[in-house]
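Data first, discussion second: the structure below is written as structure tokens.
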Amino acid sequence: MNYKRNITAFSLIALVSIYAQCNKSAHPGGSASPPSFAGDGSLAVWITKSDSSVLLKKANTLRFVPGTATSAAIQVDSAQAFQGIDGFGYTLTGGSASLINQLNSSVKAALLRELFGNDENSISISYLRVSVGASDLDPAAFSYNDLPAGQTDVQQDQFSIAPDKKDLIPVLKSILAINPKIKILASPWSPPAWMKDNGATKGGSLKREYHESYARYFVKYIQAMKAEGITIDALTIQNEPLHPGNNPSLLMLADQQRDFIKEALGPAFKAADIKTKIILYDHNLDRPDYPISILNDPEAKKYIDGSAFHLYAGNVNAMSQVYNAHPDKNLYFTEQWTGSTSHFNGDLKWHIKNVVIGTMKNWSRVALEWNLASDPAYKPHTPGGCTQCKGALTINGDQVNRNVGYYIIAHASKFVPDGSRRVSSTELDGLSNVAFVTPQGKKVLVVLNEQNMDKAFSINFNGQQASYTITANTVATIVW
């Protein structure tokens, strides 16, 4: 995480926020899965208000009437389709897994069903990111092949995922029992320290002499997880490769990542018949040149599925710049944090506008918030890791509080499953929006009113219109 940049951005939001963060320990009442409307012309609406007075509650049902509104209308055209959607979710950090795993068994089972199930009380998370080895939200930095100083293991004979068998793997297995189709993306924060030119978990660069060994490390990781019944759908090469100040971390410049992929990782995956997708970059949108420069190399590009991004710097529209340069490759939005010093009001609106709506409008297949869970002191974290990262959940013993990150993702994940597709929805001044069609044929429109006044508008669809007034500073998910 590029925390210094992000703290500044969210501090600005905090200045204009007029409401404090409001954690709710109870499950959001009234939340329900979208019903099947069977073409009866009705639309269901779920809303969250930025003052946290209403949290993912079902509002009044709307109804289509014949005709097309000519002003203040969002035109939804399901015949004009764009990218497929793989899902919405979080990073299940090692710290998140440990907090969840220590819950009382009945509390844990109910929470996981709420997060990953598909019933009326679930938010149906369909995509997770995990770390390869430790992220900075583990209690300590580790890799799967840590050795005493001066020792090496080029063949990866001592490789072991044992550190993940205490919490992460058991929690993943419980999740897979609920949703066997959930997609999992893996990201490393650092190679084993003995592979790096500084011999440390923090910073430094991968030595070229260890390219093949590091590729072998990833092959063994994917195979070891598969042996546990866990399929790694995709792998980013390095979390935040231009931010070596975290612990753990690695500096990996674009030419280094390019050469590692085309000379080592790509061939190693091919030789081992690994189907896991290779994804570039996994860092901020101020540097679209990084993934574009690698994709411009045809020998590297043939192994690459796409590029991943964060938004602690840059503009979300830069995703389209990468898409336009290489429209045959996929895009993923893999991380955005909410912090201890920011507030529900600003976070809800900024993240819905940028992470949910903005990334989808700019070709992303996923939208992920950062850590799923933290404790009341924003732990665990490594020495030098993030001290202000607020989980979507705060877990204190067996008490679970749902924070703003929960509702940001829930407004999409609950209604837009894996296999959906983004479709055309026109812009309307003051109302950011994005539309989808689900595999079941339902239409989903996410609308944000970030103004301090209510806003009346119409939804035009297939020669019909439905009128709705969205209250000030509110996000609505509308389903028909």
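Chain labels A, B, ... are given in the sequence in which chains occur in the structure tokens; within each chain residues are numbered consecutively from 1, and ligands are likewise numbered from 1 in the order shown.
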
* Just list the residues in segment 214-326 of chain A DSSP gives helix (DSSP H, G or I) on the backbone, as a PyMOL selection string. => chain A and resi 214-227+254-271+289-295+298-301+318-325

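When only C-alpha atoms are used to measure the gap to Arg421 of chain A, the shortest distance among A:Pro244, A:Gly87, A:Gly384, A:Gly94 belongs to A:Gly87.
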
* segment 119-131 of chain A surroundings by only C-alpha atoms, 9 Å radius, close-in-sequence under 4 positions cut, as a PyMOL selection string -> chain A and resi 27-34+86-94+112-115+135+168+179+181-189+239+334-335+366-368+370+406+409-418

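Around segment 466-471 of chain A, within 8 Å and counting only C-alpha atoms, the residues found are Leu62, Arg63, Phe64, Val65, Asn449, Met453, Asp454, Lys455, Ala456, Phe457, Ser458, Ile459, Asn460 and Ala476 of chain A, once anything fewer than 4 positions away on its own chain is removed.
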
* Asked: Just asking: which residues within segment 298-469 of chain A are strand (DSSP E) according to DSSP, as JSON, numbers by chain?
  -> {"A": [306, 307, 308, 309, 310, 311, 312, 313, 314, 330, 331, 332, 333, 334, 335, 338, 339, 364, 365, 366, 367, 368, 369, 370, 371, 373, 374, 389, 390, 393, 394, 395, 396, 399, 400, 401, 402, 421, 422, 423, 424, 425, 431, 432, 433, 434, 435, 436, 437, 443, 444, 445, 446, 447, 448, 449, 455, 456, 457, 458, 459, 460, 461, 464, 465, 466, 467, 468, 469]}

* How many Å lie between atom CA of Val479 of chain A and atom CA of Ile178 of chain A, rounded to one decimal? -> 24.3 Å

* For Val423 of chain A: contacts at 6 Å, only C-alpha atoms, fewer than 4 positions along chain excluded, given as a list in words ->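 Surrounding residues, per the criterion: Ser78, Gln80, Ala81, Phe82, Ala435 and Phe436 of chain A.
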
* Asked: Quick one: residues within 7 Å of Ile222 of chain A, only C-alpha atoms counted, chain neighbours fewer than 4 positions away excluded, as a count of residues only?
  -> 3

* To do: Please identify all polymer residues within 7 Å of Thr382 of chain A, counting only C-alpha atoms, omitting same-chain residues fewer than 2 positions from it, and present them as a list in words.
  =>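 Near Thr382 of chain A, the qualifying residues are Asp136, Leu137, Asp138, Pro139, Ala140, Ala141, Asn247, Gly384 and Gly385 of chain A.
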
Would you save the residues from that selection as a PDB file, in the first residue's frame, using N, CA and C atoms?
```
ATOM      1  N   ASP A 136       1.841  -7.196   4.297  1.00  0.00           N
ATOM      2  CA  ASP A 136       2.153  -6.376   5.470  1.00  0.00           C
ATOM      3  C   ASP A 136       1.075  -6.468   6.542  1.00  0.00           C
ATOM      4  N   LEU A 137      -0.042  -7.139   6.247  1.00  0.00           N
ATOM      5  CA  LEU A 137      -1.068  -7.361   7.253  1.00  0.00           C
ATOM      6  C   LEU A 137      -1.040  -8.801   7.757  1.00  0.00           C
ATOM      7  N   ASP A 138       0.165  -9.324   7.931  1.00  0.00           N
ATOM      8  CA  ASP A 138       0.442 -10.522   8.717  1.00  0.00           C
ATOM      9  C   ASP A 138       1.213 -10.076   9.956  1.00  0.00           C
ATOM     10  N   PRO A 139       1.222 -10.878  11.010  1.00  0.00           N
ATOM     11  CA  PRO A 139       1.967 -10.462  12.207  1.00  0.00           C
ATOM     12  C   PRO A 139       3.465 -10.308  11.972  1.00  0.00           C
ATOM     13  N   ALA A 140       4.017 -11.075  11.019  1.00  0.00           N
ATOM     14  CA  ALA A 140       5.449 -11.011  10.722  1.00  0.00           C
ATOM     15  C   ALA A 140       5.654 -11.328   9.254  1.00  0.00           C
ATOM     16  N   ALA A 141       6.759 -10.838   8.703  1.00  0.00           N
ATOM     17  CA  ALA A 141       7.091 -11.127   7.312  1.00  0.00           C
ATOM     18  C   ALA A 141       7.622 -12.552   7.202  1.00  0.00           C
ATOM     19  N   ASN A 247       6.869  -3.409   4.277  1.00  0.00           N
ATOM     20  CA  ASN A 247       7.500  -4.630   4.796  1.00  0.00           C
ATOM     21  C   ASN A 247       6.455  -5.738   4.881  1.00  0.00           C
ATOM     22  N   GLY A 384       6.541  -2.217  10.459  1.00  0.00           N
ATOM     23  CA  GLY A 384       6.681  -1.440   9.234  1.00  0.00           C
ATOM     24  C   GLY A 384       5.510  -1.564   8.289  1.00  0.00           C
ATOM     25  N   GLY A 385       4.531  -2.419   8.609  1.00  0.00           N
ATOM     26  CA  GLY A 385       3.339  -2.547   7.783  1.00  0.00           C
ATOM     27  C   GLY A 385       2.306  -1.486   8.125  1.00  0.00           C
TER      28      GLY A 385
END
```

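Atom CA of Tyr217 of chain A to atom CA of Phe260 of chain A spans 12.9 Å [interatomic distance, one decimal].
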
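For the set A:Val219, A:Met319, A:Val171, A:Ala377, the residue with the smallest atom-to-atom gap to Gln102 of chain A is A:Val171, counting only C-alpha atoms.
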
* Residue nearest Thr61 of chain A among A:Lys277, A:Gly266, A:Ile47, A:Ile74 (counting only C-alpha atoms) ->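 Among the listed residues, the smallest separation from Thr61 of chain A belongs to A:Ile47.
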
Using only C-alpha atoms, tabulate the residues of segment 390-479 of chain A lying at most 10 Å from any atom of segment 352-356 of chain A, each with its closest atom pair and that distance in Å to one decimal, by chain and increasing residue number, as a tab-separated table.
```
residue	atom	partner	partner_atom	distance
A:Gly405	CA	A:Ile352	CA	9.9
A:Tyr407	CA	A:Ile352	CA	9.5
A:Ile408	CA	A:Ile352	CA	6.1
A:Ile409	CA	A:Val356	CA	7.5
A:His411	CA	A:Ile352	CA	8.7
A:Ala412	CA	A:Val356	CA	7.3
A:Ser413	CA	A:Val356	CA	9.9
A:Leu431	CA	A:Lys353	CA	9.4
A:Ser432	CA	A:Lys353	CA	6.5
A:Asn433	CA	A:Lys353	CA	8.0
A:Val434	CA	A:Val356	CA	8.4
A:Val446	CA	A:Val356	CA	8.7
A:Val447	CA	A:Ile352	CA	8.8
A:Leu448	CA	A:Lys353	CA	7.0
A:Asn449	CA	A:Lys353	CA	9.5
A:Glu450	CA	A:Lys353	CA	8.8
A:Val475	CA	A:Ile352	CA	7.7
```

Selection to disk with C-alpha atoms, as a JSON list (two decimals), in the first residue's frame:
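Written out: out_30.json:
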```
[["chain", "number", "residue", "atom", "x", "y", "z"],
["A", 405, "GLY", "CA", -15.82, -1.34, 3.16],
["A", 407, "TYR", "CA", -21.22, -1.83, 2.24],
["A", 408, "ILE", "CA", -19.06, -0.53, -0.64],
["A", 409, "ILE", "CA", -18.57, -4.05, -1.95],
["A", 411, "HIS", "CA", -23.79, -2.94, -3.18],
["A", 412, "ALA", "CA", -22.23, -4.79, -6.12],
["A", 413, "SER", "CA", -21.32, -8.29, -4.92],
["A", 431, "LEU", "CA", -25.49, 10.66, -10.81],
["A", 432, "SER", "CA", -22.55, 8.35, -11.44],
["A", 433, "ASN", "CA", -23.81, 4.93, -12.54],
["A", 434, "VAL", "CA", -22.94, 1.57, -14.06],
["A", 446, "VAL", "CA", -25.72, 1.02, -9.37],
["A", 447, "VAL", "CA", -26.35, 4.76, -8.94],
["A", 448, "LEU", "CA", -24.57, 7.24, -6.70],
["A", 449, "ASN", "CA", -26.01, 10.62, -5.72],
["A", 450, "GLU", "CA", -23.08, 12.47, -4.13],
["A", 475, "VAL", "CA", -25.97, 4.86, -3.22]]
```
